[in-house]
file start-v3.cif (mmCIF, C-alpha atoms)
data_data
loop_
_atom_site.label_atom_id
_atom_site.label_comp_id
_atom_site.auth_asym_id
_atom_site.auth_seq_id
_atom_site.Cartn_x
_atom_site.Cartn_y
_atom_site.Cartn_z
CA MET A 27 -29.10 -141.49 97.58
CA ARG A 28 -29.66 -141.70 101.35
CA LEU A 29 -30.73 -138.36 102.79
CA GLY A 30 -28.96 -137.05 105.87
CA PRO A 31 -27.45 -133.66 106.81
CA GLY A 32 -29.65 -131.70 104.40
CA ALA A 33 -32.73 -133.44 105.76
CA MET A 34 -31.62 -132.46 109.26
CA VAL A 35 -31.60 -128.83 108.09
CA ALA A 36 -35.12 -129.26 106.70
CA ALA A 37 -36.17 -130.90 109.97
CA ALA A 38 -34.83 -127.90 111.88
CA PHE A 39 -36.52 -125.16 109.85
CA ILE A 40 -39.90 -126.88 109.51
CA GLY A 41 -40.92 -126.28 113.09
CA PRO A 42 -44.21 -125.12 114.64
CA GLY A 43 -43.32 -121.54 113.72
CA THR A 44 -43.03 -122.44 110.04
CA VAL A 45 -46.30 -124.41 110.11
CA THR A 46 -48.13 -121.52 111.78
CA THR A 47 -46.60 -118.87 109.52
CA ALA A 48 -47.28 -120.85 106.32
CA ALA A 49 -50.87 -121.53 107.40
CA THR A 50 -51.41 -117.86 108.24
CA ALA A 51 -49.98 -116.80 104.87
CA GLY A 52 -52.26 -119.21 103.04
CA ALA A 53 -55.33 -118.16 104.98
CA SER A 54 -54.81 -114.44 104.38
CA SER A 55 -53.18 -114.33 100.94
CA GLY A 56 -53.78 -117.68 99.26
CA ILE A 57 -50.75 -118.75 97.25
CA ALA A 58 -49.79 -115.17 96.39
CA LEU A 59 -46.80 -115.37 98.77
CA LEU A 60 -45.38 -118.67 97.54
CA TRP A 61 -42.65 -116.61 95.86
CA ALA A 62 -41.34 -115.80 99.36
CA VAL A 63 -41.12 -119.52 100.11
CA LEU A 64 -39.22 -120.01 96.84
CA PHE A 65 -36.79 -117.20 97.66
CA SER A 66 -36.22 -118.54 101.16
CA ILE A 67 -35.33 -121.97 99.78
CA ILE A 68 -32.91 -120.48 97.22
CA ALA A 69 -31.26 -118.37 99.94
CA THR A 70 -31.05 -121.41 102.22
CA LEU A 71 -29.44 -123.50 99.47
CA VAL A 72 -26.83 -120.81 98.76
CA LEU A 73 -25.81 -120.26 102.38
CA GLN A 74 -25.95 -123.92 103.42
CA GLU A 75 -23.74 -124.92 100.49
CA LEU A 76 -21.10 -122.43 101.60
CA ALA A 77 -21.25 -123.88 105.13
CA LEU A 78 -20.96 -127.53 104.11
CA LYS A 79 -18.18 -126.81 101.59
CA SER A 80 -16.14 -124.95 104.20
CA ALA A 81 -16.55 -127.79 106.70
CA LEU A 82 -15.76 -130.60 104.26
CA VAL A 83 -12.68 -128.93 102.78
CA THR A 84 -11.16 -127.97 106.15
CA GLN A 85 -12.64 -130.82 108.24
CA ARG A 86 -13.52 -128.26 110.89
CA ASP A 87 -16.81 -127.07 112.35
CA LEU A 88 -18.13 -123.70 111.18
CA ALA A 89 -17.85 -122.01 114.59
CA SER A 90 -14.25 -123.19 114.82
CA LEU A 91 -13.51 -121.72 111.37
CA MET A 92 -15.06 -118.40 112.37
CA ARG A 93 -13.05 -118.46 115.58
CA SER A 94 -9.87 -118.80 113.50
CA LEU A 95 -11.03 -116.04 111.17
CA GLY A 96 -11.44 -113.64 114.10
CA GLU A 97 -8.26 -114.65 115.89
CA ASN A 98 -6.23 -111.63 116.98
CA LYS A 99 -8.95 -109.33 115.59
CA TRP A 100 -10.80 -106.90 117.85
CA TRP A 101 -14.15 -108.21 116.66
CA GLY A 102 -13.28 -111.90 117.11
CA PRO A 103 -14.35 -112.28 120.78
CA TRP A 104 -17.52 -110.26 120.11
CA LEU A 105 -18.49 -112.58 117.24
CA MET A 106 -17.94 -115.63 119.44
CA LEU A 107 -20.00 -114.05 122.22
CA LEU A 108 -22.81 -113.33 119.76
CA ILE A 109 -22.78 -116.95 118.56
CA VAL A 110 -22.99 -118.23 122.13
CA MET A 111 -25.79 -115.81 123.03
CA ALA A 112 -27.87 -116.06 119.85
CA VAL A 113 -27.45 -119.76 119.03
CA GLY A 114 -27.05 -121.10 122.57
CA LEU A 115 -29.43 -118.98 124.64
CA GLY A 116 -31.62 -118.11 121.62
CA ASN A 117 -32.26 -121.77 120.83
CA ALA A 118 -33.14 -122.40 124.47
CA ALA A 119 -35.88 -119.78 124.09
CA TYR A 120 -37.08 -121.24 120.80
CA GLN A 121 -37.24 -124.71 122.37
CA SER A 122 -40.26 -123.72 124.42
CA GLY A 123 -42.11 -123.01 121.17
CA ASN A 124 -40.90 -126.23 119.53
CA LEU A 125 -42.02 -128.40 122.44
CA SER A 126 -45.28 -126.51 122.84
CA GLY A 127 -45.94 -127.11 119.14
CA ALA A 128 -45.35 -130.84 119.57
CA GLY A 129 -47.73 -130.85 122.54
CA LEU A 130 -50.38 -128.92 120.64
CA GLY A 131 -50.08 -131.33 117.71
CA LEU A 132 -50.94 -134.50 119.63
CA SER A 133 -53.47 -132.59 121.70
CA GLU A 134 -55.30 -131.64 118.48
CA ALA A 135 -54.94 -135.13 116.99
CA PHE A 136 -55.86 -137.33 119.94
CA GLY A 137 -56.93 -135.04 122.77
CA LEU A 138 -53.87 -135.90 124.88
CA PRO A 139 -52.89 -133.56 127.74
CA MET A 140 -50.55 -130.96 126.29
CA THR A 141 -48.20 -130.84 129.29
CA ALA A 142 -47.78 -134.62 129.24
CA VAL A 143 -46.88 -134.55 125.55
CA ILE A 144 -44.38 -131.72 126.12
CA VAL A 145 -42.64 -133.71 128.87
CA ALA A 146 -42.66 -136.90 126.79
CA SER A 147 -41.32 -135.07 123.72
CA ALA A 148 -38.52 -133.51 125.78
CA ALA A 149 -37.68 -136.95 127.19
CA ILE A 150 -37.52 -138.52 123.71
CA ALA A 151 -35.36 -135.69 122.38
CA GLY A 152 -33.16 -135.86 125.49
CA ILE A 153 -32.55 -139.60 125.13
CA LEU A 154 -31.61 -139.26 121.46
CA ILE A 155 -29.21 -136.39 122.22
CA TYR A 156 -27.72 -138.19 125.24
CA LEU A 157 -26.98 -141.33 123.19
CA ASN A 158 -24.87 -139.05 120.96
CA ASN A 159 -25.22 -141.46 118.01
CA TYR A 160 -25.06 -139.44 114.80
CA GLN A 161 -26.43 -142.20 112.56
CA LEU A 162 -29.43 -142.72 114.85
CA LEU A 163 -30.16 -138.99 115.07
CA GLU A 164 -29.92 -138.67 111.29
CA ARG A 165 -32.29 -141.58 110.65
CA VAL A 166 -34.88 -140.34 113.16
CA LEU A 167 -34.90 -136.83 111.68
CA VAL A 168 -35.04 -138.11 108.09
CA ALA A 169 -37.97 -140.36 109.01
CA LEU A 170 -39.85 -137.46 110.63
CA VAL A 171 -39.25 -135.22 107.61
CA ALA A 172 -40.60 -138.01 105.39
CA LEU A 173 -43.66 -138.25 107.65
CA MET A 174 -44.31 -134.49 107.35
CA ALA A 175 -43.87 -134.68 103.58
CA VAL A 176 -46.39 -137.50 103.28
CA LEU A 177 -48.98 -135.85 105.53
CA PHE A 178 -48.89 -132.26 104.27
CA CYS A 179 -48.21 -133.05 100.60
CA THR A 180 -51.06 -135.59 100.56
CA LEU A 181 -53.46 -133.00 101.96
CA ALA A 182 -52.27 -130.44 99.38
CA ILE A 183 -52.70 -132.86 96.47
CA LEU A 184 -56.20 -133.84 97.61
CA LEU A 185 -57.20 -130.17 97.87
CA LEU A 186 -55.49 -129.03 94.67
CA PRO A 187 -58.67 -129.02 92.50
CA GLU A 188 -60.28 -126.56 94.92
CA LEU A 189 -57.28 -124.21 94.78
CA PHE A 190 -58.26 -122.81 91.38
CA ARG A 191 -61.67 -121.78 92.69
CA LEU A 192 -60.06 -119.09 94.82
CA PRO A 193 -60.27 -115.42 93.77
CA GLN A 194 -57.65 -114.46 91.20
CA ALA A 195 -55.97 -112.07 93.66
CA MET A 196 -55.09 -115.05 95.88
CA LEU A 197 -53.46 -116.96 93.00
CA ILE A 198 -51.17 -114.30 91.50
CA PRO A 199 -47.82 -113.47 93.18
CA SER A 200 -48.04 -110.17 95.01
CA PHE A 201 -46.17 -107.84 97.35
CA SER A 202 -47.52 -105.04 99.52
CA LEU A 203 -46.59 -103.27 102.73
CA GLN A 204 -49.52 -105.00 104.44
CA GLN A 205 -47.97 -108.36 103.55
CA LEU A 206 -44.44 -107.41 104.62
CA THR A 207 -44.69 -108.95 108.09
CA LEU A 208 -45.80 -112.29 106.65
CA ILE A 209 -43.10 -112.19 103.97
CA LEU A 210 -40.43 -111.56 106.61
CA ALA A 211 -41.83 -114.38 108.72
CA LEU A 212 -41.88 -116.86 105.82
CA ILE A 213 -38.25 -116.10 105.00
CA GLY A 214 -37.13 -115.77 108.61
CA THR A 215 -38.47 -119.17 109.67
CA THR A 216 -36.53 -120.86 106.84
CA VAL A 217 -33.23 -118.96 106.64
CA VAL A 218 -32.01 -119.41 110.21
CA PRO A 219 -28.39 -119.00 111.38
CA TYR A 220 -28.13 -122.09 113.59
CA ASN A 221 -28.78 -124.32 110.57
CA LEU A 222 -25.44 -123.23 109.12
CA PHE A 223 -23.64 -124.69 112.14
CA LEU A 224 -25.86 -127.78 112.13
CA HIS A 225 -25.27 -128.53 108.45
CA ALA A 226 -21.51 -127.95 108.58
CA THR A 227 -20.93 -130.37 111.46
CA ALA A 228 -23.44 -132.97 110.24
CA ALA A 229 -21.87 -133.00 106.75
CA ARG A 230 -18.39 -133.40 108.23
CA LYS A 231 -19.55 -136.36 110.32
CA ARG A 232 -21.44 -137.97 107.43
CA TRP A 233 -18.61 -137.78 104.85
CA ILE A 234 -15.59 -137.94 107.17
CA ASN A 235 -14.02 -140.98 105.46
CA THR A 236 -15.05 -140.07 101.90
CA PRO A 237 -12.62 -138.58 99.32
CA LEU A 238 -13.15 -134.82 99.21
CA GLU A 239 -14.31 -134.49 95.58
CA GLN A 240 -16.84 -137.29 96.04
CA ALA A 241 -17.97 -135.86 99.39
CA LEU A 242 -18.58 -132.40 97.89
CA ILE A 243 -20.62 -133.81 95.00
CA GLU A 244 -22.73 -136.06 97.25
CA ALA A 245 -23.21 -133.40 99.95
CA ARG A 246 -24.37 -130.76 97.47
CA ARG A 247 -26.78 -133.13 95.77
CA GLU A 248 -28.20 -134.38 99.08
CA ALA A 249 -28.58 -130.82 100.41
CA ARG A 250 -30.43 -129.64 97.31
CA ILE A 251 -32.86 -132.57 97.36
CA SER A 252 -33.52 -132.34 101.11
CA ILE A 253 -33.94 -128.56 101.33
CA ILE A 254 -36.21 -128.51 98.27
CA ILE A 255 -38.33 -131.20 99.96
CA GLY A 256 -38.53 -128.89 102.97
CA GLY A 257 -39.68 -126.08 100.70
CA VAL A 258 -42.33 -128.32 99.14
CA ILE A 259 -43.66 -129.17 102.62
CA THR A 260 -43.91 -125.46 103.48
CA ALA A 261 -45.61 -124.73 100.16
CA SER A 262 -48.04 -127.60 100.77
CA ILE A 263 -49.08 -126.07 104.10
CA VAL A 264 -49.70 -122.74 102.32
CA VAL A 265 -51.88 -124.52 99.73
CA VAL A 266 -53.85 -126.44 102.36
CA ALA A 267 -54.56 -123.29 104.36
CA SER A 268 -55.42 -121.32 101.21
CA VAL A 269 -58.26 -123.69 100.40
CA SER A 270 -59.56 -124.58 103.84
CA LEU A 271 -58.74 -121.74 106.23
CA HIS A 272 -60.19 -118.26 105.93
CA THR A 273 -58.89 -116.62 109.06
CA SER A 274 -55.46 -115.66 110.34
CA SER A 275 -56.37 -115.49 114.02
CA SER A 276 -54.11 -116.64 116.84
CA GLY A 277 -55.84 -120.02 116.75
CA VAL A 278 -54.65 -120.75 113.23
CA ILE A 279 -53.50 -124.31 113.99
CA HIS A 280 -56.73 -125.22 115.75
CA GLY A 281 -58.66 -123.66 112.88
CA LEU A 282 -56.64 -125.63 110.33
CA ALA A 283 -57.27 -128.89 112.18
CA GLU A 284 -61.01 -128.19 112.34
CA ALA A 285 -61.14 -127.26 108.65
CA MET A 286 -59.29 -130.43 107.66
CA ASN A 287 -61.66 -132.49 109.77
CA GLN A 288 -64.58 -131.02 107.83
CA GLN A 289 -62.88 -131.82 104.55
CA PHE A 290 -61.78 -135.31 105.62
CA PRO A 291 -63.95 -136.44 108.56
CA HIS A 292 -62.22 -138.32 111.41
CA VAL A 293 -58.76 -138.20 109.80
CA GLY A 294 -58.13 -134.58 108.75
CA HIS A 295 -57.38 -133.23 112.23
CA ILE A 296 -55.23 -136.27 112.97
CA MET A 297 -53.06 -135.63 109.89
CA VAL A 298 -52.60 -131.96 110.84
CA GLY A 299 -51.92 -132.84 114.48
CA ILE A 300 -49.35 -135.53 113.70
CA GLY A 301 -47.71 -133.22 111.17
CA LEU A 302 -47.42 -130.46 113.76
CA PHE A 303 -46.07 -132.93 116.33
CA ALA A 304 -43.43 -134.08 113.83
CA ALA A 305 -42.49 -130.46 113.14
CA GLY A 306 -42.15 -129.76 116.87
CA ILE A 307 -40.16 -132.87 117.76
CA THR A 308 -37.74 -132.51 114.81
CA SER A 309 -36.90 -128.94 115.77
CA SER A 310 -36.65 -129.99 119.43
CA ILE A 311 -33.90 -132.43 118.47
CA ALA A 312 -32.08 -130.48 115.75
CA ALA A 313 -31.96 -127.04 117.38
CA PRO A 314 -30.20 -128.16 120.61
CA MET A 315 -27.71 -130.21 118.58
CA ALA A 316 -26.90 -127.13 116.49
CA ALA A 317 -26.54 -125.06 119.66
CA GLY A 318 -24.18 -127.61 121.21
CA TRP A 319 -21.92 -127.75 118.17
CA ALA A 320 -21.92 -123.96 117.67
CA VAL A 321 -21.24 -123.06 121.33
CA CYS A 322 -18.43 -125.61 121.69
CA GLY A 323 -16.80 -124.44 118.47
CA ALA A 324 -17.08 -120.79 119.50
CA LEU A 325 -15.54 -121.47 122.91
CA GLY A 326 -12.81 -123.70 121.49
CA TRP A 327 -14.14 -126.88 123.09
CA GLN A 328 -13.37 -129.88 120.92
CA ALA A 329 -14.82 -132.74 122.95
CA SER A 330 -18.08 -134.11 121.55
CA GLN A 331 -19.25 -134.91 125.08
CA ARG A 332 -19.34 -131.21 125.91
CA SER A 333 -21.56 -130.44 122.90
CA LYS A 334 -23.93 -133.15 124.13
CA TRP A 335 -24.27 -131.53 127.55
CA VAL A 336 -24.76 -128.06 126.04
CA ALA A 337 -27.50 -129.50 123.81
CA LEU A 338 -29.20 -131.14 126.80
CA ALA A 339 -29.04 -127.89 128.77
CA VAL A 340 -30.71 -126.03 125.87
CA LEU A 341 -33.39 -128.72 125.65
CA MET A 342 -34.12 -128.70 129.38
CA CYS A 343 -34.40 -124.89 129.49
CA GLY A 344 -36.92 -125.01 126.67
CA ALA A 345 -38.89 -127.80 128.36
CA PHE A 346 -38.99 -125.88 131.63
CA PHE A 347 -40.42 -122.73 130.05
CA ALA A 348 -42.80 -124.72 127.83
CA VAL A 349 -44.31 -126.32 130.94
CA ILE A 350 -44.52 -123.27 133.22
CA THR A 351 -45.80 -120.74 130.69
CA THR A 352 -48.31 -120.89 127.86
CA SER A 353 -47.10 -117.64 126.32
CA PRO A 354 -43.28 -117.43 126.16
CA ALA A 355 -43.54 -114.25 124.07
CA ALA A 356 -40.72 -112.34 125.79
CA LEU A 357 -38.33 -115.26 125.32
CA ILE A 358 -39.23 -115.67 121.66
CA ILE A 359 -38.86 -111.95 120.95
CA SER A 360 -35.45 -111.90 122.65
CA ALA A 361 -34.37 -114.90 120.57
CA GLN A 362 -35.66 -113.26 117.39
CA VAL A 363 -33.72 -110.08 118.13
CA SER A 364 -30.46 -111.96 118.75
CA ASN A 365 -30.93 -114.18 115.70
CA GLY A 366 -31.95 -111.17 113.60
CA ILE A 367 -28.62 -109.58 114.48
CA LEU A 368 -26.71 -112.84 114.05
CA LEU A 369 -27.95 -113.94 110.60
CA PRO A 370 -26.38 -111.20 108.43
CA ILE A 371 -23.21 -111.19 110.54
CA ILE A 372 -22.82 -114.97 110.22
CA ALA A 373 -23.65 -114.80 106.51
CA ILE A 374 -20.93 -112.17 105.97
CA ALA A 375 -18.44 -114.11 108.10
CA LEU A 376 -19.31 -117.25 106.12
CA MET A 377 -18.45 -115.45 102.88
CA PHE A 378 -15.07 -114.49 104.33
CA VAL A 379 -14.48 -118.12 105.32
CA ALA A 380 -15.50 -119.32 101.84
CA ASN A 381 -12.96 -116.90 100.31
CA SER A 382 -10.14 -117.52 102.78
CA LYS A 383 -6.86 -119.32 102.18
CA MET A 384 -8.09 -122.12 104.45
CA LEU A 385 -10.12 -123.47 101.50
CA GLY A 386 -7.25 -123.38 99.00
CA LYS A 387 -8.42 -124.09 95.45
CA TYR A 388 -11.98 -124.53 96.72
CA ARG A 389 -12.39 -120.85 97.53
CA ASN A 390 -15.43 -119.13 96.04
CA ASP A 391 -15.23 -118.00 92.43
CA GLY A 392 -16.75 -114.76 91.17
CA ARG A 393 -20.11 -116.30 90.28
CA ALA A 394 -20.52 -117.88 93.73
CA ASN A 395 -19.59 -114.58 95.39
CA TRP A 396 -22.12 -112.59 93.36
CA LEU A 397 -24.89 -115.03 94.22
CA ALA A 398 -23.95 -115.26 97.90
CA GLY A 399 -23.48 -111.50 98.07
CA PHE A 400 -26.99 -110.91 96.73
CA VAL A 401 -28.44 -113.28 99.34
CA VAL A 402 -26.42 -111.62 102.12
CA ILE A 403 -27.69 -108.16 101.12
CA ILE A 404 -31.31 -109.34 101.07
CA VAL A 405 -31.14 -111.16 104.43
CA SER A 406 -29.35 -108.14 105.94
CA LEU A 407 -32.13 -105.80 104.81
CA LEU A 408 -34.74 -108.24 106.11
CA ALA A 409 -32.91 -108.50 109.43
CA VAL A 410 -32.84 -104.71 109.81
CA ARG A 411 -36.53 -104.47 108.99
CA LYS A 412 -37.32 -107.30 111.42
CA LEU A 413 -35.34 -105.70 114.23
CA ILE A 414 -37.08 -102.36 113.68
CA GLY A 415 -40.43 -104.13 113.92
CA LEU A 416 -39.48 -106.07 117.04
CA LEU A 417 -37.89 -103.15 118.88
#

call {"tool": "encode", "arguments": {"input": "start-v3.cif", "output": "structure tokens"}}
result
Amino acid sequence: MRLGPGAMVAAAFIGPGTVTTAATAGASSGIALLWAVLFSIIATLVLQELALKSALVTQRDLASLMRSLGENKWWGPWLMLLIVMAVGLGNAAYQSGNLSGAGLGLSEAFGLPMTAVIVASAAIAGILIYLNNYQLLERVLVALVALMAVLFCTLAILLLPELFRLPQAMLIPSFSLQQLTLILALIGTTVVPYNLFLHATAARKRWINTPLEQALIEARREARISIIIGGVITASIVVVASVSLHTSSSGVIHGLAEAMNQQFPHVGHIMVGIGLFAAGITSSIAAPMAAGWAVCGALGWQASQRSKWVALAVLMCGAFFAVITTSPAALIISAQVSNGILLPIIAIALMFVANSKMLGKYRNDGRANWLAGFVVIIVSLLAVRKLIGLL
């Protein structure tokens, strides 16, 4: 099976933030927090399947479905405003981190000037978005995900024998209040609201001329394979950092590159650097696309050209801030607050969509609702805890 929309979701959530968070978790806790990665992948699978099913059955984008759900309701305009603010403006803030991560990656690998790489990465992403060719975008993102899988999984396999030399406390699953921030980060960098909009529209474009039953079967299978691959990549980064990195300082990526270069002279830092670049460039392409589709759906704009220009605006804002500042902390915190509010709201709205008459016989059954409800409760509690910490 050819990977596509699900791989685009994986490409979006494996960004520089995920690489940094997974490396920090491995350095401080070994593989004791891999259970959080597993939970985040299960939660992602549950929510993304609801999104793609809703889009394929109705042949409408997720934001458009939510707009219909809130029509003539007092909360409808507020939900649309939140989508525009959190996904549109929030992704513009995140873009600075994505592009900075791409720049840092090639800077670590080959010593290239970081600003030059940021500008070049933004130009590449901008050209791909401007061409507005779904098949091309899909193939580029799938190829970059495959590259990350090869690089990080290879490093993890090579270091696997050394993993079992770690102290027992770093090998057994654990949970403590001291680890809560890392646990929230591991889940929060994987279960992200804009991926729901990205997956819904990408699946609709991919299977637009396919009979519905066949499309649902293929889309679910492709999503499960792709998102699990994304989880394996994240887990591989945790394993690599567990063995080679023994600090969780702010220079975790630089430390990881140096440690890999000691383990594998002349090539270790290059593998880490290229992997980080791939993570940055994939998110720099996928996040603006998701923002374009979500904002246009929320505002009732149907033309694909408009989503392209929204995506380019998001990309350019991120590139601007990535170049002029080396510490876009205020922007990132603002984006995290808006997305922390948005995730549980979108998850709840998605459950209403999945149970609405718009889906006919494909509405959720009791088992699907119990599973989705459990995930919604957990991500809501995590969002509240995250907002308390940020504010």

call {"tool": "residues_near_point", "arguments": {"input": "start-v3.cif", "point": "(-48.3, -130.8, 101.8)", "cutoff": "6 Å", "atoms": "all atoms listed in the file", "output": "PyMOL selection string"}}
result
chain A and resi 178-182+259+262-263

call {"tool": "residues_near_point", "arguments": {"input": "start-v3.cif", "point": "(-24.6, -135.7, 103.5)", "cutoff": "9 Å", "atoms": "all atoms listed in the file", "output": "ChimeraX atom specification"}}
result
/A:28-33,78,225,228-233,241-242,244-249

call {"tool": "residues_around", "arguments": {"input": "start-v3.cif", "residues": "region 192-202 of chain A", "least_positions_apart": "4", "cutoff": "8 Å", "atoms": "all atoms listed in the file", "output": "ChimeraX atom specification"}}
result
/A:55-61,188,206,269

call {"tool": "residues_around", "arguments": {"input": "start-v3.cif", "residues": "Thr260 (chain A)", "least_positions_apart": "4", "cutoff": "9 Å", "atoms": "all atoms listed in the file", "output": "ChimeraX atom specification"}}
result
/A:40,44-45,48-49,63,178,255-256,264-265

call {"tool": "resolve_selection", "arguments": {"input": "start-v3.cif", "expression": "the PyMOL selection byres ((chain A and resi 339-351) around 9)", "output": "PyMOL selection string"}}
result
chain A and resi 114-115+117-126+141+144-145+147-148+151-152+310-311+313-315+317-318+334-338+352-354

call {"tool": "closest_residue", "arguments": {"input": "start-v3.cif", "among": "A:Met106, A:Leu170, A:Ala53, A:Leu91", "to": "Gly281 (chain A)", "atoms": "only C-alpha atoms"}}
result
A:Ala53

call {"tool": "atom_distance", "arguments": {"input": "start-v3.cif", "atom1": "CA of Gly299 (chain A)", "atom2": "CA of Ala267 (chain A)"}}
result
14.2 Å

call {"tool": "closest_residue", "arguments": {"input": "start-v3.cif", "among": "A:Met384, A:Ile153, A:Val35, A:Leu107", "to": "Cys322 (chain A)", "atoms": "all atoms listed in the file"}}
result
A:Leu107

call {"tool": "residues_around", "arguments": {"input": "start-v3.cif", "residues": "region 392-408 of chain A", "least_positions_apart": "6", "cutoff": "12 Å", "atoms": "only C-alpha atoms", "output": "ChimeraX atom specification"}}
result
/A:65-77,206-214,216-219,365-381,414-415

call {"tool": "residues_around", "arguments": {"input": "start-v3.cif", "residues": "Ala285 (chain A)", "least_positions_apart": "6", "cutoff": "8 Å", "atoms": "all atoms listed in the file", "output": "MDAnalysis selection string"}}
result
chainID A and resid 270:271 294:295

call {"tool": "closest_residue", "arguments": {"input": "start-v3.cif", "among": "A:Ala89, A:Ala112, A:Val83, A:Met286", "to": "Leu184 (chain A)", "atoms": "only C-alpha atoms"}}
result
A:Met286

call {"tool": "atom_distance", "arguments": {"input": "start-v3.cif", "atom1": "CA of Leu302 (chain A)", "atom2": "CA of Leu154 (chain A)"}}
result
19.7 Å

call {"tool": "atom_distance", "arguments": {"input": "start-v3.cif", "atom1": "CA of Ile254 (chain A)", "atom2": "CA of Thr215 (chain A)"}}
result
14.9 Å

call {"tool": "build_atoms", "arguments": {"input": "start-v3.cif", "residues": "region 161-179 of chain A", "atoms": "N, CA and C atoms", "output": "PDB file, keeping the file's coordinate frame"}}
result
ATOM      1  N   GLN A 161     -25.620-141.449 113.529  1.00  0.00           N
ATOM      2  CA  GLN A 161     -26.430-142.200 112.560  1.00  0.00           C
ATOM      3  C   GLN A 161     -27.881-142.339 113.019  1.00  0.00           C
ATOM      4  N   LEU A 162     -28.076-142.581 114.319  1.00  0.00           N
ATOM      5  CA  LEU A 162     -29.430-142.720 114.850  1.00  0.00           C
ATOM      6  C   LEU A 162     -30.187-141.390 114.754  1.00  0.00           C
ATOM      7  N   LEU A 163     -29.528-140.302 115.154  1.00  0.00           N
ATOM      8  CA  LEU A 163     -30.160-138.990 115.070  1.00  0.00           C
ATOM      9  C   LEU A 163     -30.554-138.665 113.630  1.00  0.00           C
ATOM     10  N   GLU A 164     -29.652-138.942 112.705  1.00  0.00           N
ATOM     11  CA  GLU A 164     -29.920-138.670 111.290  1.00  0.00           C
ATOM     12  C   GLU A 164     -31.125-139.447 110.804  1.00  0.00           C
ATOM     13  N   ARG A 165     -31.190-140.744 111.132  1.00  0.00           N
ATOM     14  CA  ARG A 165     -32.290-141.580 110.650  1.00  0.00           C
ATOM     15  C   ARG A 165     -33.631-141.149 111.247  1.00  0.00           C
ATOM     16  N   VAL A 166     -33.628-140.785 112.523  1.00  0.00           N
ATOM     17  CA  VAL A 166     -34.880-140.340 113.160  1.00  0.00           C
ATOM     18  C   VAL A 166     -35.384-139.060 112.497  1.00  0.00           C
ATOM     19  N   LEU A 167     -34.492-138.101 112.278  1.00  0.00           N
ATOM     20  CA  LEU A 167     -34.900-136.830 111.680  1.00  0.00           C
ATOM     21  C   LEU A 167     -35.336-137.008 110.229  1.00  0.00           C
ATOM     22  N   VAL A 168     -34.641-137.847 109.482  1.00  0.00           N
ATOM     23  CA  VAL A 168     -35.040-138.110 108.090  1.00  0.00           C
ATOM     24  C   VAL A 168     -36.427-138.749 108.054  1.00  0.00           C
ATOM     25  N   ALA A 169     -36.668-139.690 108.968  1.00  0.00           N
ATOM     26  CA  ALA A 169     -37.970-140.360 109.010  1.00  0.00           C
ATOM     27  C   ALA A 169     -39.091-139.371 109.339  1.00  0.00           C
ATOM     28  N   LEU A 170     -38.832-138.442 110.257  1.00  0.00           N
ATOM     29  CA  LEU A 170     -39.850-137.460 110.630  1.00  0.00           C
ATOM     30  C   LEU A 170     -40.110-136.460 109.506  1.00  0.00           C
ATOM     31  N   VAL A 171     -39.061-136.088 108.768  1.00  0.00           N
ATOM     32  CA  VAL A 171     -39.250-135.220 107.610  1.00  0.00           C
ATOM     33  C   VAL A 171     -40.093-135.941 106.555  1.00  0.00           C
ATOM     34  N   ALA A 172     -39.806-137.221 106.340  1.00  0.00           N
ATOM     35  CA  ALA A 172     -40.600-138.010 105.390  1.00  0.00           C
ATOM     36  C   ALA A 172     -42.057-138.070 105.827  1.00  0.00           C
ATOM     37  N   LEU A 173     -42.285-138.211 107.132  1.00  0.00           N
ATOM     38  CA  LEU A 173     -43.660-138.250 107.650  1.00  0.00           C
ATOM     39  C   LEU A 173     -44.373-136.924 107.371  1.00  0.00           C
ATOM     40  N   MET A 174     -43.706-135.796 107.634  1.00  0.00           N
ATOM     41  CA  MET A 174     -44.310-134.490 107.350  1.00  0.00           C
ATOM     42  C   MET A 174     -44.598-134.331 105.867  1.00  0.00           C
ATOM     43  N   ALA A 175     -43.672-134.791 105.025  1.00  0.00           N
ATOM     44  CA  ALA A 175     -43.870-134.680 103.580  1.00  0.00           C
ATOM     45  C   ALA A 175     -45.098-135.456 103.138  1.00  0.00           C
ATOM     46  N   VAL A 176     -45.245-136.678 103.654  1.00  0.00           N
ATOM     47  CA  VAL A 176     -46.390-137.500 103.280  1.00  0.00           C
ATOM     48  C   VAL A 176     -47.696-136.860 103.731  1.00  0.00           C
ATOM     49  N   LEU A 177     -47.741-136.400 104.969  1.00  0.00           N
ATOM     50  CA  LEU A 177     -48.980-135.850 105.530  1.00  0.00           C
ATOM     51  C   LEU A 177     -49.403-134.556 104.828  1.00  0.00           C
ATOM     52  N   PHE A 178     -48.503-133.566 104.808  1.00  0.00           N
ATOM     53  CA  PHE A 178     -48.890-132.260 104.270  1.00  0.00           C
ATOM     54  C   PHE A 178     -49.006-132.267 102.748  1.00  0.00           C
ATOM     55  N   CYS A 179     -48.127-132.999 102.064  1.00  0.00           N
ATOM     56  CA  CYS A 179     -48.210-133.050 100.600  1.00  0.00           C
ATOM     57  C   CYS A 179     -49.455-133.809 100.154  1.00  0.00           C
TER      58      CYS A 179
END
